[in-house]
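Structure, as structure tokens:
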Amino acid sequence: MDEMRQKAVRICDILDTVYPEAKCSLEYKEPYELMIATRLSAQCTDARVNIVTKTLFQKYPTLESFAEADLSELEEAVKPCGFYRTKAASIRSMCQRLIAVYDSRVPDTMEDLLTLSGIGRKTANLLLGDIYGKPSVVTDTHCIRISGRLGLTKNHAPELVEKDLREILQAERSSRYCHQIVLFGRDTCRARNPKCEGCPLASYCTNPEFTKLQKKG
């Protein structure tokens, strides 16, 4: 395990060099807005969510306005993000619960966040890390795929990958690692046709396709 922790440190050192200012790409001002944006981001790109929320947060400028929203109007407003009926219902419900149970404040524990409609561990980890600066591991598709390629986990289930990474990542770097991996996955370590040549993490890659390239070289 010590060897894995040391490997994780070296990988994080490289990522810090390549992506020193990595952060969540979702745009928000208030904590509850990040909560809403992350709910909309399921099966939708962050770029599209940012387009939708720019208008959405003007139409509904307060937590109370979301809680009191006409459901059909809210559905129409979030429709471009897909699964709009489910997402609209979740958003209104979570905002109502924040007001009724949490004094209009986004909770700062995993247990409480998971009581909110539509919030799973991935979203809860993002909120804990970005809003409260707590150690968190956001196991999105980039994190799962690339952590596997780097040999940091052999699992594919999000909760198991989260558990593996929590054991080897330094707590203060875990949230940043996840944001960096998203950027790395978008511009270099893509699911299809990854840019293996010149990859800053090539020496840690266990991807069979990259191994073939090395042998050809």
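Ligands are numbered from 1 in the order shown, chains are lettered A, B, ... in the order of the structure tokens, and residues start at 1 in each chain.
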Could you write out, as a compact mmCIF listing (two decimals) with C-alpha atoms, in the first residue's frame, all the residues of segment 90-181 of chain A that DSSP marks as helix (DSSP H, G or I)?
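Final file, part.txt:
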# COMPACT_ATOMS: atom_id res chain seq x y z
CA SER A 90 -35.49 16.63 -8.09
CA ILE A 91 -34.39 20.26 -8.14
CA ARG A 92 -37.64 21.54 -6.70
CA SER A 93 -37.72 18.79 -4.07
CA MET A 94 -34.09 19.27 -2.95
CA CYS A 95 -34.60 23.02 -2.63
CA GLN A 96 -37.73 22.49 -0.57
CA ARG A 97 -35.84 20.15 1.72
CA LEU A 98 -32.94 22.58 2.12
CA ILE A 99 -35.38 25.20 3.35
CA ALA A 100 -37.48 22.90 5.53
CA VAL A 101 -34.74 20.77 7.11
CA MET A 110 -22.33 12.82 3.07
CA GLU A 111 -25.19 11.40 5.13
CA ASP A 112 -27.27 14.56 4.93
CA LEU A 113 -26.53 15.22 1.27
CA ARG A 121 -22.29 9.87 -3.78
CA LYS A 122 -20.64 11.37 -6.85
CA THR A 123 -22.56 14.63 -6.56
CA ALA A 124 -22.26 14.68 -2.78
CA ASN A 125 -18.48 14.32 -3.04
CA LEU A 126 -18.29 17.19 -5.49
CA LEU A 127 -20.29 19.43 -3.16
CA LEU A 128 -18.23 18.47 -0.11
CA GLY A 129 -14.97 19.10 -1.92
CA ASP A 130 -15.82 22.30 -3.79
CA ILE A 131 -18.03 24.02 -1.23
CA TYR A 132 -16.49 22.89 2.04
CA THR A 141 -16.43 8.34 -15.94
CA HIS A 142 -13.06 10.09 -16.39
CA CYS A 143 -11.95 9.26 -12.87
CA ILE A 144 -12.96 5.60 -13.13
CA ARG A 145 -11.46 5.04 -16.57
CA ILE A 146 -8.18 6.88 -16.09
CA SER A 147 -7.54 5.76 -12.51
CA GLY A 148 -7.84 2.24 -13.88
CA ARG A 149 -5.46 2.96 -16.74
CA PRO A 158 -17.98 3.96 -8.54
CA GLU A 159 -18.14 3.24 -4.80
CA LEU A 160 -15.30 0.71 -5.00
CA VAL A 161 -13.14 3.10 -7.02
CA GLU A 162 -13.89 5.83 -4.46
CA LYS A 163 -12.81 3.50 -1.65
CA ASP A 164 -9.58 2.56 -3.45
CA LEU A 165 -8.64 6.17 -4.17
CA ARG A 166 -9.41 7.35 -0.64
CA GLU A 167 -6.90 4.81 0.63
CA ILE A 168 -4.02 6.01 -1.55
CA ALA A 171 -6.67 13.77 1.57
CA GLU A 172 -5.83 17.37 0.73
CA ARG A 173 -5.23 16.46 -2.92
CA SER A 174 -8.11 14.11 -3.59
CA SER A 175 -10.65 16.68 -4.76
CA ARG A 176 -8.10 18.45 -6.96
CA TYR A 177 -6.99 15.13 -8.44
CA CYS A 178 -10.53 14.46 -9.65
CA HIS A 179 -10.80 17.87 -11.35
CA GLN A 180 -7.39 17.40 -12.94
CA ILE A 181 -8.31 13.95 -14.22
Thr86 of chain A surroundings by only C-alpha atoms, 12 Å radius, close-in-sequence under 5 positions cut, as a PyMOL selection string: chain A and resi 39-40+42+71-72+74-76+78-79+81+91-93+117-118
Restricting it to N, CA and C atoms, dump the selection as a PDB file, in the first residue's frame.
ATOM      1  N   ARG A  39     -26.845  18.415 -10.534  1.00  0.00           N
ATOM      2  CA  ARG A  39     -28.014  17.564 -10.837  1.00  0.00           C
ATOM      3  C   ARG A  39     -28.309  17.604 -12.332  1.00  0.00           C
ATOM      4  N   LEU A  40     -28.184  18.762 -12.930  1.00  0.00           N
ATOM      5  CA  LEU A  40     -28.440  18.895 -14.364  1.00  0.00           C
ATOM      6  C   LEU A  40     -27.357  18.227 -15.209  1.00  0.00           C
ATOM      7  N   ALA A  42     -26.000  15.351 -15.012  1.00  0.00           N
ATOM      8  CA  ALA A  42     -26.135  13.912 -15.255  1.00  0.00           C
ATOM      9  C   ALA A  42     -26.530  13.673 -16.717  1.00  0.00           C
ATOM     10  N   LEU A  71     -43.834  23.410 -11.647  1.00  0.00           N
ATOM     11  CA  LEU A  71     -43.049  22.284 -12.140  1.00  0.00           C
ATOM     12  C   LEU A  71     -42.961  22.263 -13.659  1.00  0.00           C
ATOM     13  N   SER A  72     -44.051  22.544 -14.344  1.00  0.00           N
ATOM     14  CA  SER A  72     -44.033  22.509 -15.807  1.00  0.00           C
ATOM     15  C   SER A  72     -43.122  23.594 -16.373  1.00  0.00           C
ATOM     16  N   LEU A  74     -40.481  24.847 -14.782  1.00  0.00           N
ATOM     17  CA  LEU A  74     -39.123  24.439 -14.458  1.00  0.00           C
ATOM     18  C   LEU A  74     -38.658  23.345 -15.426  1.00  0.00           C
ATOM     19  N   GLU A  75     -39.549  22.440 -15.760  1.00  0.00           N
ATOM     20  CA  GLU A  75     -39.216  21.392 -16.731  1.00  0.00           C
ATOM     21  C   GLU A  75     -38.792  22.004 -18.063  1.00  0.00           C
ATOM     22  N   GLU A  76     -39.541  23.000 -18.504  1.00  0.00           N
ATOM     23  CA  GLU A  76     -39.241  23.650 -19.774  1.00  0.00           C
ATOM     24  C   GLU A  76     -37.875  24.351 -19.717  1.00  0.00           C
ATOM     25  N   VAL A  78     -35.236  23.533 -17.959  1.00  0.00           N
ATOM     26  CA  VAL A  78     -34.075  22.627 -17.913  1.00  0.00           C
ATOM     27  C   VAL A  78     -34.115  21.584 -19.029  1.00  0.00           C
ATOM     28  N   LYS A  79     -35.075  21.683 -19.912  1.00  0.00           N
ATOM     29  CA  LYS A  79     -35.277  20.689 -20.959  1.00  0.00           C
ATOM     30  C   LYS A  79     -34.035  20.419 -21.803  1.00  0.00           C
ATOM     31  N   CYS A  81     -31.120  20.008 -21.024  1.00  0.00           N
ATOM     32  CA  CYS A  81     -30.163  19.134 -20.334  1.00  0.00           C
ATOM     33  C   CYS A  81     -30.583  17.674 -20.360  1.00  0.00           C
ATOM     34  N   ILE A  91     -34.859  18.913  -8.515  1.00  0.00           N
ATOM     35  CA  ILE A  91     -34.387  20.260  -8.143  1.00  0.00           C
ATOM     36  C   ILE A  91     -35.379  20.939  -7.211  1.00  0.00           C
ATOM     37  N   ARG A  92     -36.644  20.896  -7.562  1.00  0.00           N
ATOM     38  CA  ARG A  92     -37.636  21.539  -6.696  1.00  0.00           C
ATOM     39  C   ARG A  92     -37.691  20.865  -5.336  1.00  0.00           C
ATOM     40  N   SER A  93     -37.649  19.533  -5.326  1.00  0.00           N
ATOM     41  CA  SER A  93     -37.719  18.786  -4.067  1.00  0.00           C
ATOM     42  C   SER A  93     -36.502  19.060  -3.189  1.00  0.00           C
ATOM     43  N   SER A 117     -33.134  14.759  -2.857  1.00  0.00           N
ATOM     44  CA  SER A 117     -33.604  14.105  -4.076  1.00  0.00           C
ATOM     45  C   SER A 117     -32.586  14.226  -5.204  1.00  0.00           C
ATOM     46  N   GLY A 118     -32.245  13.086  -5.794  1.00  0.00           N
ATOM     47  CA  GLY A 118     -31.364  13.081  -6.954  1.00  0.00           C
ATOM     48  C   GLY A 118     -29.889  13.203  -6.647  1.00  0.00           C
TER      49      GLY A 118
END
My list of candidates is A:Leu169, A:Cys189, A:Ala89, A:Leu183. Which is closest to Cys205 of chain A when distances are computed with only C-alpha atoms?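 Of all the options, A:Cys189 lies closest to Cys205 of chain A.
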Taking only C-alpha atoms into account, which of A:Asp108, A:Ala22, A:Glu64, A:Met35 comes nearest Lys87 of chain A? A:Met35
Students should find that atom CA of Lys23 of chain A and atom CA of Arg85 of chain A are spaced 29.1 Å
Give me, as a PyMOL selection string, all polymer residues having an atom no more than 10 Å from Lys59 of chain A, counting only C-alpha atoms and skipping those fewer than 6 positions away in the same chain. chain A and resi 53+65-66+74+77
Rounded to one decimal in Å, what is the spacing between atom CA of Thr206 of chain A and atom CA of Thr17 of chain A?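 Taking atom CA of Thr206 of chain A as the start and atom CA of Thr17 of chain A as the end point, the length is 21.5 Å.
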So, with only C-alpha atoms as the atoms that count, which of A:Ala191, A:Val137, A:Val49, A:Ile14 lies closest to Leu26 of chain A?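 Under the stated criterion, the closest residue is A:Val49.
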Distance in Å - atom CA of Tyr32 of chain A versus atom CA of Val106 of chain A: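 For atom CA of Tyr32 of chain A relative to atom CA of Val106 of chain A, the distance reads 6.2 Å.
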Rank A:Thr109, A:Arg186, A:Lys134, A:Tyr60 by their smallest atom-to-atom distance to Thr45 of chain A, using only C-alpha atoms, and report the top residue only. A:Arg186
